[in-house]
>>> print(open('target07.cif').read())   # mmCIF, C-alpha atoms
data_input
#
loop_
_atom_site.label_atom_id
_atom_site.label_comp_id
_atom_site.auth_asym_id
_atom_site.auth_seq_id
_atom_site.Cartn_x
_atom_site.Cartn_y
_atom_site.Cartn_z
CA MET A 272 -25.62 -10.36 11.34
CA LEU A 273 -26.58 -9.37 14.83
CA GLY A 274 -26.94 -12.16 17.35
CA MET A 275 -24.94 -14.65 15.27
CA ALA A 276 -21.67 -16.04 16.54
CA ALA A 277 -18.64 -15.20 14.41
CA THR A 278 -17.04 -18.00 12.43
CA ILE A 279 -13.65 -18.82 13.93
CA PRO A 280 -10.97 -19.16 11.24
CA SER A 281 -8.95 -22.38 11.10
CA ASP A 282 -5.78 -20.50 10.15
CA GLU A 283 -4.03 -17.27 11.08
CA PRO A 284 -5.86 -14.23 9.69
CA ALA A 285 -3.93 -11.83 7.47
CA ARG A 286 -5.70 -8.75 8.91
CA LEU A 287 -7.04 -8.08 12.38
CA ARG A 288 -8.19 -4.93 14.16
CA ALA A 289 -6.64 -3.72 17.39
CA GLY A 290 -9.35 -3.52 20.05
CA ASP A 291 -11.27 -6.54 18.68
CA THR A 292 -11.22 -10.00 20.25
CA TRP A 293 -8.98 -12.20 18.11
CA LYS A 294 -9.76 -15.89 17.64
CA TRP A 295 -8.52 -18.68 15.41
CA THR A 296 -7.68 -22.38 15.70
CA ARG A 297 -4.88 -24.49 14.30
CA THR A 298 -4.91 -28.22 13.81
CA LEU A 299 -1.38 -29.59 13.83
CA GLY A 300 -1.64 -33.35 13.40
CA ASP A 301 1.99 -33.99 14.32
CA TYR A 302 1.79 -31.67 17.34
CA PRO A 303 -1.58 -32.18 19.10
CA ALA A 304 -2.63 -29.74 21.80
CA GLY A 305 -2.34 -31.20 25.25
CA THR A 306 1.06 -32.63 24.35
CA TRP A 307 2.37 -29.55 22.53
CA THR A 308 1.87 -25.83 23.22
CA LEU A 309 1.52 -23.51 20.21
CA LYS A 310 3.05 -20.03 20.53
CA TYR A 311 3.27 -17.00 18.24
CA ARG A 312 5.65 -14.06 18.25
CA PHE A 313 4.77 -10.95 16.21
CA LYS A 314 7.44 -8.31 15.49
CA ASN A 315 8.00 -5.13 13.53
CA ALA A 316 10.43 -2.23 13.76
CA ALA A 317 8.43 -0.60 16.57
CA GLY A 318 8.05 -3.66 18.83
CA GLY A 319 6.04 -6.81 19.12
CA PHE A 320 3.91 -9.15 21.18
CA GLU A 321 3.48 -12.86 21.90
CA ILE A 322 0.40 -15.10 21.96
CA THR A 323 0.04 -18.59 23.46
CA ALA A 324 -2.73 -20.92 22.28
CA THR A 325 -4.74 -23.16 24.60
CA ALA A 326 -5.85 -26.74 24.04
CA ASP A 327 -9.27 -27.38 22.53
CA GLY A 328 -9.22 -31.16 22.27
CA THR A 329 -6.26 -31.81 20.00
CA ASP A 330 -6.62 -28.40 18.30
CA HIS A 331 -4.79 -25.26 19.36
CA ALA A 332 -7.24 -22.43 20.12
CA VAL A 333 -6.09 -18.81 20.07
CA THR A 334 -8.13 -16.20 21.89
CA VAL A 335 -6.79 -12.73 22.63
CA ALA A 336 -9.02 -10.38 24.63
CA ALA A 337 -10.10 -7.05 23.12
CA ALA A 338 -8.47 -5.22 26.05
CA THR A 339 -5.15 -6.86 25.15
CA THR A 340 -5.32 -6.23 21.39
CA GLY A 341 -6.33 -2.63 22.05
CA ALA A 342 -2.76 -2.03 23.23
CA TYR A 343 -1.22 -3.40 20.00
CA ALA A 344 0.11 -0.74 17.63
CA ALA A 345 -1.37 -0.68 14.15
CA GLY A 346 1.02 -1.76 11.41
CA SER A 347 2.47 -4.70 9.55
CA TYR A 348 4.03 -7.49 11.62
CA GLN A 349 6.10 -10.53 10.70
CA TRP A 350 5.20 -13.56 12.80
CA ILE A 351 6.54 -16.99 13.59
CA ALA A 352 4.63 -19.89 15.14
CA TRP A 353 6.26 -22.72 17.03
CA VAL A 354 5.31 -25.64 19.26
CA GLU A 355 6.94 -26.60 22.53
CA SER A 356 6.89 -29.77 24.59
CA GLY A 357 9.42 -29.97 27.38
CA ALA A 358 12.80 -28.99 25.93
CA GLU A 359 11.70 -29.59 22.31
CA LYS A 360 10.73 -26.65 20.06
CA TYR A 361 9.79 -26.72 16.37
CA THR A 362 8.83 -23.90 14.02
CA VAL A 363 5.52 -24.76 12.36
CA ASP A 364 4.63 -21.64 10.36
CA GLU A 365 5.41 -18.00 9.63
CA GLY A 366 3.72 -15.11 7.90
CA THR A 367 2.60 -11.50 8.09
CA LEU A 368 -0.25 -9.82 9.90
CA GLU A 369 -1.66 -6.36 9.28
CA VAL A 370 -3.00 -4.92 12.54
CA GLU A 371 -5.58 -2.28 11.70
CA PRO A 372 -6.07 0.71 14.02
CA ASP A 373 -8.65 0.68 16.81
CA TYR A 374 -11.08 3.46 15.93
CA ARG A 375 -12.77 3.01 19.32
CA SER A 376 -9.74 4.13 21.34
CA GLY A 377 -9.47 7.74 22.50
CA THR A 378 -12.34 10.11 21.98
CA ALA A 379 -14.77 10.14 19.10
CA THR A 380 -13.28 13.41 17.84
CA ALA A 381 -9.63 12.35 18.17
CA ALA A 382 -7.72 12.39 14.90
CA LEU A 383 -6.35 9.16 13.45
CA ASP A 384 -3.92 8.99 10.57
CA ASP A 385 -4.35 5.47 9.22
CA ARG A 386 -2.75 6.17 5.85
CA SER A 387 -0.19 3.65 4.69
CA HIS A 388 3.53 4.32 4.91
CA ALA A 389 3.60 4.97 1.16
CA ARG A 390 0.83 7.61 1.37
CA LYS A 391 2.42 9.34 4.36
CA THR A 392 5.85 9.38 2.71
CA LEU A 393 4.51 10.64 -0.61
CA ALA A 394 2.66 13.46 1.17
CA ALA A 395 5.77 14.34 3.20
CA LEU A 396 7.95 14.43 0.06
CA GLN A 397 5.45 16.63 -1.75
CA ALA A 398 5.19 18.99 1.25
CA TRP A 399 8.97 19.16 1.53
CA ILE A 400 9.31 20.06 -2.15
CA GLU A 401 6.69 22.78 -1.87
CA GLY A 402 8.46 24.33 1.13
CA ARG A 403 12.02 24.23 -0.18
CA ASP A 404 14.10 25.27 -3.13
CA PRO A 405 15.12 21.91 -4.64
CA ALA A 406 17.87 23.63 -6.62
CA VAL A 407 19.76 24.30 -3.36
CA ALA A 408 21.71 21.11 -2.72
CA GLU A 409 23.95 22.39 0.10
CA TYR A 410 24.52 25.47 2.23
CA GLU A 411 26.52 26.61 5.24
CA ILE A 412 25.57 29.13 7.92
CA ALA A 413 27.84 29.96 10.88
CA GLY A 414 29.91 26.83 10.35
CA ARG A 415 26.92 24.46 10.18
CA ARG A 416 26.52 22.62 6.92
CA MET A 417 23.17 21.33 5.60
CA LYS A 418 22.79 19.02 2.61
CA TYR A 419 19.64 18.26 0.72
CA ILE A 420 18.80 15.24 -1.34
CA SER A 421 19.67 15.57 -5.02
CA VAL A 422 16.86 16.41 -7.42
CA LYS A 423 17.47 13.12 -9.25
CA ASP A 424 17.15 11.11 -6.01
CA LEU A 425 14.11 13.11 -5.00
CA LEU A 426 12.38 12.39 -8.31
CA MET A 427 13.21 8.69 -7.97
CA LEU A 428 11.66 8.64 -4.48
CA LEU A 429 8.56 10.45 -5.72
CA ASP A 430 8.14 7.94 -8.56
CA ARG A 431 8.62 5.02 -6.18
CA TYR A 432 6.01 6.22 -3.68
CA ARG A 433 3.56 7.30 -6.40
CA SER A 434 3.80 3.76 -7.80
CA GLU A 435 3.25 2.22 -4.35
CA VAL A 436 0.18 4.39 -3.76
CA ALA A 437 -1.16 3.47 -7.21
CA ARG A 438 -0.68 -0.25 -6.39
CA GLU A 439 -2.52 0.23 -3.09
CA ASP A 440 -5.38 1.97 -4.91
CA ASP A 441 -5.53 -0.84 -7.46
CA ALA A 442 -5.53 -3.51 -4.75
CA ALA A 443 -8.37 -1.72 -2.95
CA ARG A 444 -10.36 -1.49 -6.19
CA LEU A 445 -9.81 -5.19 -6.93
CA ALA A 446 -10.72 -6.16 -3.34
CA SER A 447 -14.02 -4.27 -3.68
CA GLY A 448 -14.81 -6.06 -6.96
CA LEU A 449 -13.96 -3.17 -9.27
CA PRO A 450 -11.49 -3.45 -12.14
CA GLY A 451 -7.98 -2.17 -11.55
CA LYS A 452 -6.90 1.08 -13.20
CA ASN A 453 -3.21 0.36 -13.60
CA LYS A 454 -2.18 -1.49 -16.70
CA LEU A 455 0.92 -3.53 -17.19
CA TYR A 456 2.72 -2.82 -20.42
CA VAL A 457 5.14 -5.39 -21.79
CA ARG A 458 7.58 -4.79 -24.58
CA PHE A 459 9.13 -7.74 -26.37
CA THR A 460 12.45 -7.24 -28.05
CA GLY A 461 14.06 -9.62 -30.47
CA ASN A 462 17.61 -10.84 -30.19
#
>>> encode(input="target07.cif", output="structure tokens")
Amino acid sequence: MLGMAATIPSDEPARLRAGDTWKWTRTLGDYPAGTWTLKYRFKNAAGGFEITATADGTDHAVTVAAATTGAYAAGSYQWIAWVESGAEKYTVDEGTLEVEPDYRSGTATAALDDRSHARKTLAALQAWIEGRDPAVAEYEIAGRRMKYISVKDLLMLLDRYRSEVAREDDAARLASGLPGKNKLYVRFTGN
């Protein structure tokens, strides 16, 4: 809808894109803006960032410029929200945020690998298997010892990541309104 203003969510979004302007508001009846300041801290294994809301009447308004979010790394973040007033601080919420990659950064022909961790790991495991002899569990050359993962452990990892990729595919199908492909089988046993 060109020319129309975007609806500003009244809660923290679960997914946002790096390089977009981020906006949402929070109404915290016990902690009105003007008296309390709302802050967020987002973290994952690679790093994190912090956001401070501004007062919009008694609501807390979050606006993060596109230039700022463009520097955020894509990935899944855990977040915590808290309010401050003087020396008092109270946690008010927590959750997760998926930051999607900014396709506008770099050049139009630059490559971007936005596959999930599960897809990347499954591909890496499959490539490793194709390039190695899985029957060789350990060897030594000139006093340097190299150990490989056991075939049993390797098969368990493959199964795990194949299942994760299948769940992702199912979730994507369901999100687009299509029926899921994976079926859940339940076996009842009597005592």
>>> closest_residue(input="target07.cif", among="A:Asp327, A:Glu369, A:Asp384, A:Asp430", to="Thr306 in chain A", atoms="all atoms listed in the file")
A:Asp327
>>> closest_residue(input="target07.cif", among="A:Gly318, A:Trp307, A:Glu371, A:Val333", to="Ser356 in chain A", atoms="only C-alpha atoms")
A:Trp307
>>> resolve_selection(input="target07.cif", expression="the PyMOL selection byres ((chain A and resi 320) around 10)", output="PDB file with C-alpha atoms, in the frame of the given file")
ATOM      1  CA  TYR A 311       3.270 -17.000  18.240  1.00  0.00           C
ATOM      2  CA  ARG A 312       5.650 -14.060  18.250  1.00  0.00           C
ATOM      3  CA  PHE A 313       4.770 -10.950  16.210  1.00  0.00           C
ATOM      4  CA  LYS A 314       7.440  -8.310  15.490  1.00  0.00           C
ATOM      5  CA  ASN A 315       8.000  -5.130  13.530  1.00  0.00           C
ATOM      6  CA  GLY A 318       8.050  -3.660  18.830  1.00  0.00           C
ATOM      7  CA  GLY A 319       6.040  -6.810  19.120  1.00  0.00           C
ATOM      8  CA  GLU A 321       3.480 -12.860  21.900  1.00  0.00           C
ATOM      9  CA  ILE A 322       0.400 -15.100  21.960  1.00  0.00           C
ATOM     10  CA  THR A 340      -5.320  -6.230  21.390  1.00  0.00           C
ATOM     11  CA  ALA A 342      -2.760  -2.030  23.230  1.00  0.00           C
ATOM     12  CA  TYR A 343      -1.220  -3.400  20.000  1.00  0.00           C
ATOM     13  CA  ALA A 344       0.110  -0.740  17.630  1.00  0.00           C
ATOM     14  CA  TYR A 348       4.030  -7.490  11.620  1.00  0.00           C
ATOM     15  CA  TRP A 350       5.200 -13.560  12.800  1.00  0.00           C
TER      16      TRP A 350
END
>>> atom_distance(input="target07.cif", atom1="CA of Lys452 in chain A", atom2="CA of Arg431 in chain A")
17.5 Å
>>> atom_distance(input="target07.cif", atom1="CA of Ser421 in chain A", atom2="CA of Leu393 in chain A")
16.5 Å
>>> residues_around(input="target07.cif", residues="Asp364 in chain A", least_positions_apart="5", cutoff="9 Å", atoms="all atoms listed in the file", output="ChimeraX atom specification")
/A:350-353
>>> closest_residue(input="target07.cif", among="A:Gly290, A:Thr392, A:Gln397, A:Lys423", to="Ala338 in chain A", atoms="all atoms listed in the file")
A:Gly290
>>> atom_distance(input="target07.cif", atom1="CA of Ala277 in chain A", atom2="CA of Leu299 in chain A")
22.5 Å
>>> closest_residue(input="target07.cif", among="A:Val354, A:Met427, A:Val422, A:Ala437", to="Arg390 in chain A", atoms="only C-alpha atoms")
A:Ala437
>>> closest_residue(input="target07.cif", among="A:Thr308, A:Thr367, A:Ser387, A:Ser434", to="Leu287 in chain A", atoms="only C-alpha atoms")
A:Thr367
>>> closest_residue(input="target07.cif", among="A:Ala317, A:Ala332, A:Pro450, A:Arg438", to="Asp282 in chain A", atoms="all atoms listed in the file")
A:Ala332
>>> resolve_selection(input="target07.cif", expression="the PyMOL selection byres ((chain A and resi 330) around 8)", output="number ranges by chain")
A: 296-299, 303-304, 326-329, 331-332
>>> residues_around(input="target07.cif", residues="Trp293 in chain A", least_positions_apart="6", cutoff="7 Å", atoms="only C-alpha atoms", output="ChimeraX atom specification")
/A:334-336
>>> build_atoms(input="target07.cif", residues="range 314-334 of chain A", atoms="N, CA and C atoms", output="compact mmCIF listing (two decimals), keeping the file's coordinate frame")
# COMPACT_ATOMS: atom_id res chain seq x y z
N LYS A 314 6.46 -9.38 15.35
CA LYS A 314 7.44 -8.31 15.49
C LYS A 314 7.41 -7.38 14.28
N ASN A 315 7.70 -6.10 14.57
CA ASN A 315 8.00 -5.13 13.53
C ASN A 315 9.03 -4.16 14.08
N ALA A 316 9.36 -3.13 13.34
CA ALA A 316 10.43 -2.23 13.76
C ALA A 316 10.11 -1.51 15.06
N ALA A 317 8.82 -1.35 15.38
CA ALA A 317 8.43 -0.60 16.57
C ALA A 317 8.29 -1.48 17.82
N GLY A 318 8.22 -2.78 17.66
CA GLY A 318 8.05 -3.66 18.83
C GLY A 318 7.40 -4.97 18.46
N GLY A 319 6.69 -5.55 19.40
CA GLY A 319 6.04 -6.81 19.12
C GLY A 319 5.23 -7.31 20.29
N PHE A 320 4.70 -8.52 20.13
CA PHE A 320 3.91 -9.15 21.18
C PHE A 320 3.91 -10.66 20.95
N GLU A 321 3.49 -11.40 21.96
CA GLU A 321 3.48 -12.86 21.90
C GLU A 321 2.10 -13.38 22.31
N ILE A 322 1.69 -14.47 21.68
CA ILE A 322 0.40 -15.10 21.96
C ILE A 322 0.64 -16.59 22.19
N THR A 323 -0.03 -17.16 23.20
CA THR A 323 0.04 -18.59 23.46
C THR A 323 -1.35 -19.18 23.31
N ALA A 324 -1.45 -20.24 22.50
CA ALA A 324 -2.73 -20.92 22.28
C ALA A 324 -3.04 -21.84 23.45
N THR A 325 -4.32 -22.19 23.59
CA THR A 325 -4.74 -23.16 24.60
C THR A 325 -5.26 -24.40 23.89
N ALA A 326 -5.37 -25.49 24.63
CA ALA A 326 -5.85 -26.74 24.04
C ALA A 326 -7.36 -26.73 23.92
N ASP A 327 -7.85 -27.17 22.77
CA ASP A 327 -9.27 -27.38 22.53
C ASP A 327 -9.36 -28.77 21.90
N GLY A 328 -9.38 -29.79 22.75
CA GLY A 328 -9.22 -31.16 22.27
C GLY A 328 -7.79 -31.30 21.80
N THR A 329 -7.62 -31.71 20.55
CA THR A 329 -6.26 -31.81 20.00
C THR A 329 -5.90 -30.57 19.17
N ASP A 330 -6.87 -29.65 19.03
CA ASP A 330 -6.62 -28.40 18.30
C ASP A 330 -6.01 -27.35 19.23
N HIS A 331 -5.35 -26.39 18.63
CA HIS A 331 -4.79 -25.26 19.36
C HIS A 331 -5.73 -24.07 19.14
N ALA A 332 -6.30 -23.54 20.20
CA ALA A 332 -7.24 -22.43 20.12
C ALA A 332 -6.57 -21.14 20.57
N VAL A 333 -6.65 -20.13 19.73
CA VAL A 333 -6.09 -18.81 20.07
C VAL A 333 -7.24 -17.88 20.37
N THR A 334 -7.19 -17.25 21.52
CA THR A 334 -8.13 -16.20 21.89
C THR A 334 -7.35 -15.09 22.58
